[in-house]
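Comments concern the structure below.
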Number of protein chains: 6
Amino acid sequence: MIYITRKIDFCASHRLFNPAFTDEQNQAIFGPCNNPNGHGHNYTLEVTIKGELNPETGMVLNFRFLKDLIKNEIAEKIDHKNLNLDVPFLAGSIPTVENMAIKIWEILEEKIDHARLHEIKIYESDRNCVTYRGKSK
Amino acid sequence: MIYITRKIDFCASHRLFNPAFTDEQNQAIFGPCNNPNGHGHNYTLEVTIKGELNPETGMVLNFRFLKDLIKNEIAEKIDHKNLNLDVPFLAGSIPTVENMAIKIWEILEEKIDHARLHEIKIYESDRNCVTYRGKSK
Amino acid sequence: MIYITRKIDFCASHRLFNPAFTDEQNQAIFGPCNNPNGHGHNYTLEVTIKGELNPETGMVLNFRFLKDLIKNEIAEKIDHKNLNLDVPFLAGSIPTVENMAIKIWEILEEKIDHARLHEIKIYESDRNCVTYRGKSK
Amino acid sequence: MIYITRKIDFCASHRLFNPAFTDEQNQAIFGPCNNPNGHGHNYTLEVTIKGELNPETGMVLNFRFLKDLIKNEIAEKIDHKNLNLDVPFLAGSIPTVENMAIKIWEILEEKIDHARLHEIKIYESDRNCVTYRGKSK
Amino acid sequence: MIYITRKIDFCASHRLFNPAFTDEQNQAIFGPCNNPNGHGHNYTLEVTIKGELNPETGMVLNFRFLKDLIKNEIAEKIDHKNLNLDVPFLAGSIPTVENMAIKIWEILEEKIDHARLHEIKIYESDRNCVTYRGKSK
Amino acid sequence: MIYITRKIDFCASHRLFNPAFTDEQNQAIFGPCNNPNGHGHNYTLEVTIKGELNPETGMVLNFRFLKDLIKNEIAEKIDHKNLNLDVPFLAGSIPTVENMAIKIWEILEEKIDHARLHEIKIYESDRNCVTYRGKSK
């Protein structure tokens with residue numbers, strides 16, 4: 001098994017709040033991330049695939065395939081967007097990095113044929129990141 | 001002359017547009033940064049001060065003074081905010097990094113006594129940054 | 001399972017030596033890290049927690065809880081300190097990154113309720129790091 | 001178990017192509033990496049070892065041992081080299097990061113006595129990396 | 001005056017040697033960079049422009065203009081190339097970062113109308129970089 | 001004029017205090033940096049030289065000359081050392097980054113023949129740095 005990882009950056013805004021909570025609850029739980037007009041981040045997304053080496057190419061999967069897949073399926077839908085309002089695959093979710101990682105996993109998992117999705121990692125800042133490896137891990 | 005630089009990060013959202021322009025003009029000039037619901041960044045701000053060495057302390061200015069100054073005057077006003085709606089010192093400006101650098105210069109310049117402000121540098125991403133050294137430079 | 005990671009920096013000094021060894025043995029084993037007057041590092045500590053997603057908040061654990069926990073239990077006790085002389089939880093240990101990782105694991109593990117500690121990672125420099133996942137891993 | 005990781009950089013040139021393929025096939029599969037005169041990278045190699053803590057030294061393995069091992073067995077053979085023409089351990093392989101990771105694993109695995117090799121990670125750029133943990137993982 | 005900087009990465013191979021020198025001279029002067037089959041780097045190029053703020057846009061120059069300019073005039077000509085053999089604007093030069101900075105300055109300077117080129121900075125590695133500000137500076 | 005910059009890392013410990021001050025004064029001025037048993041950092045030193053291009057080599061000065069100069073004159077004297085006790089060129093100075101930059105300038109300036117020292121930059125952490133360009137700048 002070989003693991004290959006492709007990393008991209010995107011920027012987006014979000015506001016963390018649960019409409020089922022009161023304003024006080026939202027403020028207590030989400031703090032400055034609950035700012036009503038939103039705030040934003042430069043996110044970094046790392047997608048890791050695992051598979052067997054193809055001896056004819058010396059590759060598991062072409063990095064360009066992975067680059068294009070992430071660009072088309074994810075980056076174009078969330079870069080320079082408001083995560084609460086503009087991104088269909090996040091509609092109805094609180095746009096935390098945890099929820100984003102799960103949704104991105106679900107989208108990419110079914111698009112990969114000759115290898116398997118291993119891990120989604122999202123950095124919201126240099127300090128904070130989240131990792132998801134699917135339901136069973 | 002010694003130059004000391006202090007760096008902070010903050011995150012914020014913005015939308016670039018000029019209300020005097022048509023929608024088409026705004027789209028042509030600001031592109032994806034004109035997304036109506038906004039987007040956001042992790043910004044990095046570097047503030048550089050210059051001054052003479054104080055031989056008793058081996059310092060130009062205490063780094064903690066600079067840290068607190070930037071925190072109180074700038075970071076607390078723009079971190080986790082919407083730059084179009086929540087930041088009084090940017091009201092009426094298009095929140096480009098260029099305008100942010102000029103406004104932050106104006107605020108900090110008059111708060112520094114025993115040294116002089118030398119440079120404001122703002123990174124909007126790893127790829128793009130802006131530098132401002134005051135009106136005469 | 002979702003994994004969340006919080007990263008902090010701290011700076012500290014240390015000297016690596018075992019009082020049970022001769023000077024020659026200490027020099028042979030620890031090299032320049034055995035400098036009698038000590039030396040120091042900017043360390044980076046990454047703490048990873050794993051847990052189930054709370055659907056009401058879209059979080060496993062509040063990043064602010066993790067930030068405060070690491071700050072109060074670890075950073076305040078080791079930042080700007082001499083690891084051989086000033087840190088009770090390292091007393092009697094050789095302050096290698098390996099020993100630091102184990103001690104920090106032991107402190108944090110019992111403070112986390114609704115999730116589980118997954119990994120402690122410490123960088124002593126850009127070049128060298130140590131990872132610990134508890135006794136059984 | 002403790003994991004220790006040592007990171008080095010090296011620079012090298014390569015051309016990706018399979019002599020069994022036609023020019024058109026090589027271009028389709030390897031794209032700009034198939035440029036006939038080659039191109040190059042600053043690679044980063046991370047080697048992770050796992051083992052038990054030695055309580056007398058507070059270490060698993062001396063970082064200097066690991067540093068020297070990687071320098072002598074790997075860096076001196078590939079740094080400032082053409083990976084297609086100058087590196088005996090890559091002869092006959094397409095010098096993808098995948099193949100490099102497997103070959104470096106094979107070389108280092110048999111040189112480590114008191115601990116076990118856990119992982120080889122190679123970054124070809126900030127964006128792309130490959131991880132290998134041996135045949136069974 | 002405001003300064004804006006755009007940063008890109010590219011990878012390329014090169015061999016440093018002067019055909020007017022003997023092999024011994026080339027080896028003595030260029031060391032491992034004289035490896036006959038070449039070696040390579042991930043280069044980082046930073047281009048800084050200076051100009052007056054346009055109050056209608058809050059910009060000096062559109063970052064997208066600068067991004068496209070660098071991509072079209074520079075990146076497409078040197079990325080994934082052999083700098084000794086594949087790059088017309090370096091033909092006849094020893095492809096050191098110094099010569100690359102001067103040539104890139106000459107190409108970009110005449111393409112910028114409403115602002116002025118201020119600085120070309122090229123990193124060959126994290127450790128080594130070169131800066132050029134034109135003939136008179 | 002071309003500027004070339006070489007960057008190195010070193011680690012060291014220090015305690016900031018002025019023996020002419022009372023304990024209270026030292027604490028008020030130097031804060032946690034006044035910890036009696038010291039603390040430490042991974043420092044980064046950037047040395048910039050300026051000079052004319054030598055057309056025969058395409059270089060201002062050989063990067064290896066600069067690398068060796070910094071290693072021999074600076075790194076070997078301060079790496080893995082206590083800056084208060086072990087470094088002759090800092091004896092009698094408070095080991096702030098400001099004083100370190102001035103002393104390193106004085107040492108290197110007189111060792112460089114065919115080019116001129118332009119700038120000494122020292123990072124004490126990712127957040128704080130100091131720049132010195134000699135007495136007249």
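Residue numbers start at 1 in each chain; chains themselves are named A, B, ... in the order of the structure tokens; ligands are numbered from 1 in the order shown.
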Contacts of E:Ala91 within 12 Å, only C-alpha atoms, excl. fewer than 5 positions in-chain, as number ranges by chain: E: 82-86, 99-100, 103
Take chain F, lay it over chain D with a least-squares fit on all the Cα atoms in order, then hand it over as a short mmCIF file (atom, residue, chain, number, x, y, z; two decimals) with N, CA and C atoms, in the first residue's frame.
```cif
data_model
loop_
_atom_site.label_atom_id
_atom_site.label_comp_id
_atom_site.auth_asym_id
_atom_site.auth_seq_id
_atom_site.Cartn_x
_atom_site.Cartn_y
_atom_site.Cartn_z
N MET F 1 5.44 2.32 22.96
CA MET F 1 6.04 2.66 21.66
C MET F 1 6.15 4.19 21.49
N ILE F 2 7.32 4.61 21.08
CA ILE F 2 7.51 6.02 20.76
C ILE F 2 7.96 6.08 19.30
N TYR F 3 7.52 7.11 18.60
CA TYR F 3 7.90 7.30 17.20
C TYR F 3 8.79 8.53 17.11
N ILE F 4 9.94 8.41 16.45
CA ILE F 4 10.77 9.60 16.25
C ILE F 4 10.96 9.80 14.75
N THR F 5 10.90 11.07 14.36
CA THR F 5 10.95 11.43 12.94
C THR F 5 12.08 12.40 12.69
N ARG F 6 12.85 12.12 11.69
CA ARG F 6 13.93 13.01 11.25
C ARG F 6 13.65 13.44 9.81
N LYS F 7 13.85 14.71 9.54
CA LYS F 7 13.50 15.29 8.24
C LYS F 7 14.74 15.86 7.57
N ILE F 8 14.94 15.57 6.31
CA ILE F 8 16.04 16.20 5.55
C ILE F 8 15.49 16.71 4.22
N ASP F 9 16.24 17.62 3.63
CA ASP F 9 15.93 18.13 2.29
C ASP F 9 17.02 17.68 1.33
N PHE F 10 16.65 17.45 0.11
CA PHE F 10 17.67 17.23 -0.93
C PHE F 10 17.11 17.76 -2.22
N CYS F 11 17.97 18.04 -3.19
CA CYS F 11 17.48 18.49 -4.48
C CYS F 11 18.01 17.55 -5.56
N ALA F 12 17.20 17.32 -6.55
CA ALA F 12 17.57 16.36 -7.60
C ALA F 12 16.74 16.66 -8.83
N SER F 13 17.19 16.15 -9.98
CA SER F 13 16.39 16.28 -11.20
C SER F 13 15.89 14.90 -11.61
N HIS F 14 14.82 14.88 -12.38
CA HIS F 14 14.36 13.60 -12.93
C HIS F 14 13.53 13.85 -14.19
N ARG F 15 13.32 12.78 -14.92
CA ARG F 15 12.35 12.79 -16.02
C ARG F 15 11.51 11.56 -15.85
N LEU F 16 10.20 11.73 -15.87
CA LEU F 16 9.32 10.57 -15.74
C LEU F 16 8.94 10.05 -17.11
N PHE F 17 9.33 8.81 -17.40
CA PHE F 17 8.90 8.16 -18.64
C PHE F 17 9.19 6.67 -18.51
N ASN F 18 8.45 5.90 -19.27
CA ASN F 18 8.65 4.45 -19.32
C ASN F 18 9.15 4.13 -20.73
N PRO F 19 10.37 3.60 -20.86
CA PRO F 19 10.90 3.33 -22.21
C PRO F 19 10.05 2.33 -22.99
N ALA F 20 9.18 1.59 -22.31
CA ALA F 20 8.30 0.65 -23.01
C ALA F 20 7.09 1.34 -23.64
N PHE F 21 6.89 2.62 -23.30
CA PHE F 21 5.74 3.37 -23.84
C PHE F 21 6.17 4.17 -25.07
N THR F 22 5.21 4.53 -25.90
CA THR F 22 5.48 5.45 -27.01
C THR F 22 5.61 6.87 -26.45
N ASP F 23 6.14 7.78 -27.26
CA ASP F 23 6.23 9.18 -26.84
C ASP F 23 4.85 9.74 -26.47
N GLU F 24 3.86 9.36 -27.25
CA GLU F 24 2.51 9.88 -26.99
C GLU F 24 1.98 9.36 -25.65
N GLN F 25 2.23 8.07 -25.40
CA GLN F 25 1.78 7.52 -24.11
C GLN F 25 2.50 8.20 -22.95
N ASN F 26 3.81 8.37 -23.08
CA ASN F 26 4.55 9.02 -22.00
C ASN F 26 4.03 10.43 -21.75
N GLN F 27 3.74 11.14 -22.84
CA GLN F 27 3.24 12.50 -22.68
C GLN F 27 1.87 12.50 -22.00
N ALA F 28 1.02 11.57 -22.44
CA ALA F 28 -0.34 11.53 -21.88
C ALA F 28 -0.31 11.18 -20.40
N ILE F 29 0.58 10.26 -20.02
CA ILE F 29 0.59 9.81 -18.63
C ILE F 29 1.38 10.76 -17.72
N PHE F 30 2.54 11.21 -18.19
CA PHE F 30 3.43 11.95 -17.29
C PHE F 30 3.39 13.47 -17.50
N GLY F 31 2.77 13.92 -18.59
CA GLY F 31 2.58 15.36 -18.80
C GLY F 31 3.89 16.13 -18.75
N PRO F 32 3.89 17.31 -18.09
CA PRO F 32 5.12 18.11 -18.05
C PRO F 32 6.28 17.41 -17.34
N CYS F 33 6.00 16.38 -16.55
CA CYS F 33 7.08 15.62 -15.89
C CYS F 33 7.85 14.77 -16.89
N ASN F 34 7.34 14.69 -18.12
CA ASN F 34 8.00 13.92 -19.18
C ASN F 34 8.92 14.81 -20.02
N ASN F 35 9.11 16.07 -19.66
CA ASN F 35 10.00 16.97 -20.41
C ASN F 35 11.33 16.27 -20.70
N PRO F 36 11.72 16.12 -21.99
CA PRO F 36 12.89 15.28 -22.34
C PRO F 36 14.19 15.67 -21.63
N ASN F 37 14.40 16.96 -21.40
CA ASN F 37 15.63 17.37 -20.74
C ASN F 37 15.52 17.37 -19.21
N GLY F 38 14.41 16.90 -18.70
CA GLY F 38 14.25 16.78 -17.25
C GLY F 38 13.84 18.08 -16.58
N HIS F 39 13.54 17.96 -15.31
CA HIS F 39 13.23 19.10 -14.46
C HIS F 39 13.62 18.65 -13.05
N GLY F 40 13.36 19.42 -12.02
CA GLY F 40 13.86 19.00 -10.71
C GLY F 40 13.04 19.52 -9.56
N HIS F 41 13.43 19.11 -8.39
CA HIS F 41 12.69 19.46 -7.18
C HIS F 41 13.62 19.62 -5.99
N ASN F 42 13.17 20.38 -5.00
CA ASN F 42 13.66 20.26 -3.63
C ASN F 42 12.75 19.27 -2.95
N TYR F 43 13.25 18.10 -2.67
CA TYR F 43 12.47 17.07 -2.00
C TYR F 43 12.66 17.20 -0.48
N THR F 44 11.64 16.79 0.26
CA THR F 44 11.79 16.64 1.71
C THR F 44 11.51 15.19 2.05
N LEU F 45 12.41 14.59 2.80
CA LEU F 45 12.27 13.18 3.21
C LEU F 45 12.10 13.14 4.72
N GLU F 46 11.04 12.47 5.17
CA GLU F 46 10.84 12.26 6.61
C GLU F 46 10.91 10.76 6.90
N VAL F 47 11.80 10.39 7.81
CA VAL F 47 11.97 8.98 8.18
C VAL F 47 11.48 8.83 9.62
N THR F 48 10.54 7.92 9.84
CA THR F 48 10.02 7.68 11.19
C THR F 48 10.38 6.27 11.65
N ILE F 49 10.92 6.20 12.86
CA ILE F 49 11.36 4.97 13.52
C ILE F 49 10.47 4.76 14.73
N LYS F 50 10.16 3.54 15.07
CA LYS F 50 9.43 3.34 16.34
C LYS F 50 10.19 2.34 17.23
N GLY F 51 10.06 2.54 18.53
CA GLY F 51 10.76 1.63 19.44
C GLY F 51 10.37 1.95 20.87
N GLU F 52 10.96 1.17 21.78
CA GLU F 52 10.71 1.37 23.21
C GLU F 52 11.66 2.44 23.73
N LEU F 53 11.22 3.16 24.73
CA LEU F 53 12.07 4.14 25.37
C LEU F 53 13.17 3.44 26.17
N ASN F 54 14.40 3.92 26.01
CA ASN F 54 15.49 3.46 26.88
C ASN F 54 15.51 4.38 28.09
N PRO F 55 15.16 3.87 29.29
CA PRO F 55 15.01 4.79 30.43
C PRO F 55 16.33 5.44 30.86
N GLU F 56 17.45 4.83 30.53
CA GLU F 56 18.74 5.42 30.92
C GLU F 56 19.08 6.68 30.12
N THR F 57 18.59 6.76 28.89
CA THR F 57 18.91 7.91 28.04
C THR F 57 17.69 8.78 27.77
N GLY F 58 16.49 8.27 28.07
CA GLY F 58 15.28 9.02 27.73
C GLY F 58 15.04 9.10 26.23
N MET F 59 15.67 8.18 25.49
CA MET F 59 15.57 8.18 24.02
C MET F 59 15.18 6.79 23.51
N VAL F 60 14.64 6.77 22.31
CA VAL F 60 14.42 5.51 21.61
C VAL F 60 15.72 5.15 20.87
N LEU F 61 16.23 6.13 20.20
CA LEU F 61 17.39 5.97 19.34
C LEU F 61 17.99 7.35 19.29
N ASN F 62 19.26 7.47 19.26
CA ASN F 62 19.88 8.79 19.22
C ASN F 62 19.54 9.51 17.91
N PHE F 63 19.00 10.75 17.98
CA PHE F 63 18.68 11.49 16.76
C PHE F 63 19.93 11.64 15.87
N ARG F 64 21.10 11.72 16.51
CA ARG F 64 22.32 11.83 15.69
C ARG F 64 22.60 10.57 14.89
N PHE F 65 22.26 9.39 15.46
CA PHE F 65 22.41 8.14 14.71
C PHE F 65 21.50 8.19 13.47
N LEU F 66 20.25 8.63 13.70
CA LEU F 66 19.28 8.67 12.61
C LEU F 66 19.71 9.71 11.56
N LYS F 67 20.19 10.86 12.03
CA LYS F 67 20.67 11.91 11.13
C LYS F 67 21.82 11.40 10.26
N ASP F 68 22.76 10.72 10.89
CA ASP F 68 23.91 10.22 10.14
C ASP F 68 23.52 9.09 9.20
N LEU F 69 22.64 8.22 9.67
CA LEU F 69 22.19 7.11 8.82
C LEU F 69 21.55 7.63 7.53
N ILE F 70 20.64 8.60 7.67
CA ILE F 70 19.93 9.14 6.50
C ILE F 70 20.92 9.89 5.60
N LYS F 71 21.84 10.61 6.23
CA LYS F 71 22.83 11.35 5.44
C LYS F 71 23.70 10.39 4.62
N ASN F 72 24.21 9.37 5.30
CA ASN F 72 25.16 8.48 4.63
C ASN F 72 24.49 7.54 3.63
N GLU F 73 23.35 7.00 3.99
CA GLU F 73 22.73 5.99 3.14
C GLU F 73 21.88 6.59 2.03
N ILE F 74 21.33 7.78 2.27
CA ILE F 74 20.37 8.34 1.30
C ILE F 74 20.86 9.67 0.75
N ALA F 75 21.01 10.67 1.61
CA ALA F 75 21.25 12.03 1.10
C ALA F 75 22.49 12.09 0.22
N GLU F 76 23.56 11.48 0.65
CA GLU F 76 24.80 11.58 -0.15
C GLU F 76 24.67 10.92 -1.52
N LYS F 77 23.72 10.01 -1.64
CA LYS F 77 23.55 9.30 -2.92
C LYS F 77 22.55 9.98 -3.85
N ILE F 78 21.69 10.85 -3.33
CA ILE F 78 20.69 11.45 -4.22
C ILE F 78 20.70 12.98 -4.26
N ASP F 79 21.37 13.63 -3.30
CA ASP F 79 21.35 15.09 -3.29
C ASP F 79 22.20 15.64 -4.45
N HIS F 80 21.68 16.65 -5.14
CA HIS F 80 22.37 17.25 -6.30
C HIS F 80 22.67 16.20 -7.36
N LYS F 81 21.73 15.28 -7.57
CA LYS F 81 21.92 14.23 -8.59
C LYS F 81 20.76 14.22 -9.59
N ASN F 82 21.01 13.52 -10.70
CA ASN F 82 19.96 13.22 -11.66
C ASN F 82 19.43 11.83 -11.31
N LEU F 83 18.17 11.74 -10.92
CA LEU F 83 17.64 10.47 -10.40
C LEU F 83 17.55 9.39 -11.47
N ASN F 84 17.49 9.79 -12.74
CA ASN F 84 17.45 8.79 -13.81
C ASN F 84 18.82 8.19 -14.10
N LEU F 85 19.87 8.98 -13.88
CA LEU F 85 21.19 8.57 -14.37
C LEU F 85 22.23 8.33 -13.28
N ASP F 86 22.09 8.96 -12.14
CA ASP F 86 23.20 8.99 -11.17
C ASP F 86 22.99 8.14 -9.92
N VAL F 87 21.83 7.53 -9.74
CA VAL F 87 21.53 6.93 -8.43
C VAL F 87 21.38 5.42 -8.58
N PRO F 88 22.40 4.63 -8.19
CA PRO F 88 22.34 3.17 -8.39
C PRO F 88 21.07 2.52 -7.83
N PHE F 89 20.62 2.96 -6.65
CA PHE F 89 19.47 2.24 -6.08
C PHE F 89 18.15 2.53 -6.80
N LEU F 90 18.15 3.51 -7.70
CA LEU F 90 16.94 3.78 -8.51
C LEU F 90 17.07 3.26 -9.95
N ALA F 91 18.22 2.69 -10.28
CA ALA F 91 18.44 2.24 -11.67
C ALA F 91 17.35 1.27 -12.10
N GLY F 92 16.79 1.50 -13.26
CA GLY F 92 15.74 0.63 -13.76
C GLY F 92 14.35 0.96 -13.25
N SER F 93 14.22 1.93 -12.35
CA SER F 93 12.89 2.35 -11.87
C SER F 93 12.53 3.69 -12.49
N ILE F 94 11.26 3.92 -12.66
CA ILE F 94 10.80 5.27 -13.00
C ILE F 94 10.90 6.08 -11.70
N PRO F 95 11.65 7.21 -11.69
CA PRO F 95 11.90 7.90 -10.42
C PRO F 95 10.73 8.74 -9.92
N THR F 96 9.57 8.10 -9.72
CA THR F 96 8.44 8.77 -9.06
C THR F 96 8.71 8.79 -7.56
N VAL F 97 8.02 9.66 -6.84
CA VAL F 97 8.17 9.65 -5.38
C VAL F 97 7.72 8.32 -4.78
N GLU F 98 6.76 7.67 -5.41
CA GLU F 98 6.31 6.36 -4.92
C GLU F 98 7.47 5.36 -4.96
N ASN F 99 8.12 5.24 -6.11
CA ASN F 99 9.25 4.30 -6.19
C ASN F 99 10.40 4.71 -5.27
N MET F 100 10.64 5.99 -5.17
CA MET F 100 11.72 6.43 -4.27
C MET F 100 11.43 6.02 -2.83
N ALA F 101 10.18 6.17 -2.40
CA ALA F 101 9.82 5.82 -1.01
C ALA F 101 10.05 4.34 -0.75
N ILE F 102 9.67 3.50 -1.70
CA ILE F 102 9.84 2.05 -1.52
C ILE F 102 11.32 1.69 -1.45
N LYS F 103 12.14 2.25 -2.35
CA LYS F 103 13.57 1.92 -2.37
C LYS F 103 14.27 2.43 -1.08
N ILE F 104 13.89 3.61 -0.64
CA ILE F 104 14.51 4.14 0.58
C ILE F 104 14.11 3.30 1.78
N TRP F 105 12.86 2.84 1.82
CA TRP F 105 12.42 1.92 2.88
C TRP F 105 13.32 0.68 2.89
N GLU F 106 13.52 0.08 1.71
CA GLU F 106 14.30 -1.18 1.65
C GLU F 106 15.74 -0.97 2.13
N ILE F 107 16.32 0.18 1.79
CA ILE F 107 17.70 0.45 2.23
C ILE F 107 17.78 0.65 3.74
N LEU F 108 16.87 1.45 4.28
CA LEU F 108 16.97 1.81 5.70
C LEU F 108 16.51 0.69 6.62
N GLU F 109 15.55 -0.10 6.17
CA GLU F 109 14.97 -1.11 7.07
C GLU F 109 16.03 -2.04 7.63
N GLU F 110 16.98 -2.43 6.80
CA GLU F 110 17.95 -3.42 7.28
C GLU F 110 19.14 -2.82 8.03
N LYS F 111 19.14 -1.49 8.16
CA LYS F 111 20.24 -0.83 8.88
C LYS F 111 19.88 -0.48 10.33
N ILE F 112 18.65 -0.75 10.72
CA ILE F 112 18.17 -0.29 12.03
C ILE F 112 18.00 -1.50 12.95
N ASP F 113 18.74 -1.51 14.06
CA ASP F 113 18.76 -2.69 14.93
C ASP F 113 17.81 -2.61 16.13
N HIS F 114 17.99 -1.56 16.94
CA HIS F 114 17.28 -1.55 18.22
C HIS F 114 15.89 -0.92 18.13
N ALA F 115 15.45 -0.64 16.94
CA ALA F 115 14.13 -0.06 16.76
C ALA F 115 13.64 -0.54 15.39
N ARG F 116 12.44 -0.13 14.99
CA ARG F 116 11.93 -0.56 13.70
C ARG F 116 11.56 0.63 12.83
N LEU F 117 11.79 0.50 11.54
CA LEU F 117 11.38 1.55 10.61
C LEU F 117 9.86 1.56 10.58
N HIS F 118 9.25 2.76 10.67
CA HIS F 118 7.80 2.84 10.68
C HIS F 118 7.23 3.45 9.39
N GLU F 119 7.89 4.48 8.89
CA GLU F 119 7.29 5.22 7.77
C GLU F 119 8.33 6.02 7.00
N ILE F 120 8.18 6.02 5.69
CA ILE F 120 8.96 6.89 4.81
C ILE F 120 7.96 7.85 4.15
N LYS F 121 8.24 9.14 4.25
CA LYS F 121 7.35 10.15 3.65
C LYS F 121 8.21 11.06 2.78
N ILE F 122 7.80 11.28 1.54
CA ILE F 122 8.56 12.16 0.65
C ILE F 122 7.63 13.22 0.08
N TYR F 123 8.03 14.48 0.25
CA TYR F 123 7.33 15.60 -0.39
C TYR F 123 8.11 16.00 -1.64
N GLU F 124 7.43 16.06 -2.77
CA GLU F 124 8.04 16.49 -4.03
C GLU F 124 7.87 18.00 -4.16
N SER F 125 6.87 18.49 -3.48
CA SER F 125 6.56 19.92 -3.42
C SER F 125 5.70 20.11 -2.19
N ASP F 126 5.39 21.36 -1.87
CA ASP F 126 4.46 21.63 -0.77
C ASP F 126 3.10 20.98 -0.98
N ARG F 127 2.77 20.69 -2.20
CA ARG F 127 1.42 20.23 -2.56
C ARG F 127 1.27 18.71 -2.59
N ASN F 128 2.37 17.99 -2.97
CA ASN F 128 2.26 16.56 -3.24
C ASN F 128 3.19 15.77 -2.33
N CYS F 129 2.67 14.73 -1.68
CA CYS F 129 3.57 13.85 -0.94
C CYS F 129 3.09 12.42 -0.99
N VAL F 130 4.02 11.51 -0.65
CA VAL F 130 3.78 10.07 -0.69
C VAL F 130 4.25 9.46 0.63
N THR F 131 3.51 8.48 1.13
CA THR F 131 3.85 7.81 2.38
C THR F 131 3.90 6.30 2.15
N TYR F 132 4.91 5.62 2.72
CA TYR F 132 5.02 4.16 2.59
C TYR F 132 5.40 3.59 3.95
N ARG F 133 4.70 2.50 4.33
CA ARG F 133 4.93 1.88 5.64
C ARG F 133 5.32 0.40 5.52
N GLY F 134 5.86 0.01 4.37
CA GLY F 134 6.27 -1.37 4.18
C GLY F 134 5.17 -2.20 3.53
N LYS F 135 5.52 -3.43 3.17
CA LYS F 135 4.63 -4.26 2.35
C LYS F 135 3.28 -4.55 3.00
N SER F 136 3.28 -4.71 4.32
CA SER F 136 2.06 -5.23 4.94
C SER F 136 1.06 -4.15 5.32
N LYS F 137 1.42 -2.87 5.23
CA LYS F 137 0.49 -1.82 5.70
C LYS F 137 -0.16 -1.06 4.55
#
```
All helix (DSSP H, G or I) positions in stretch 32-84 of chain C, as a VMD selection string: chain C and resid 32 to 34 63 to 78
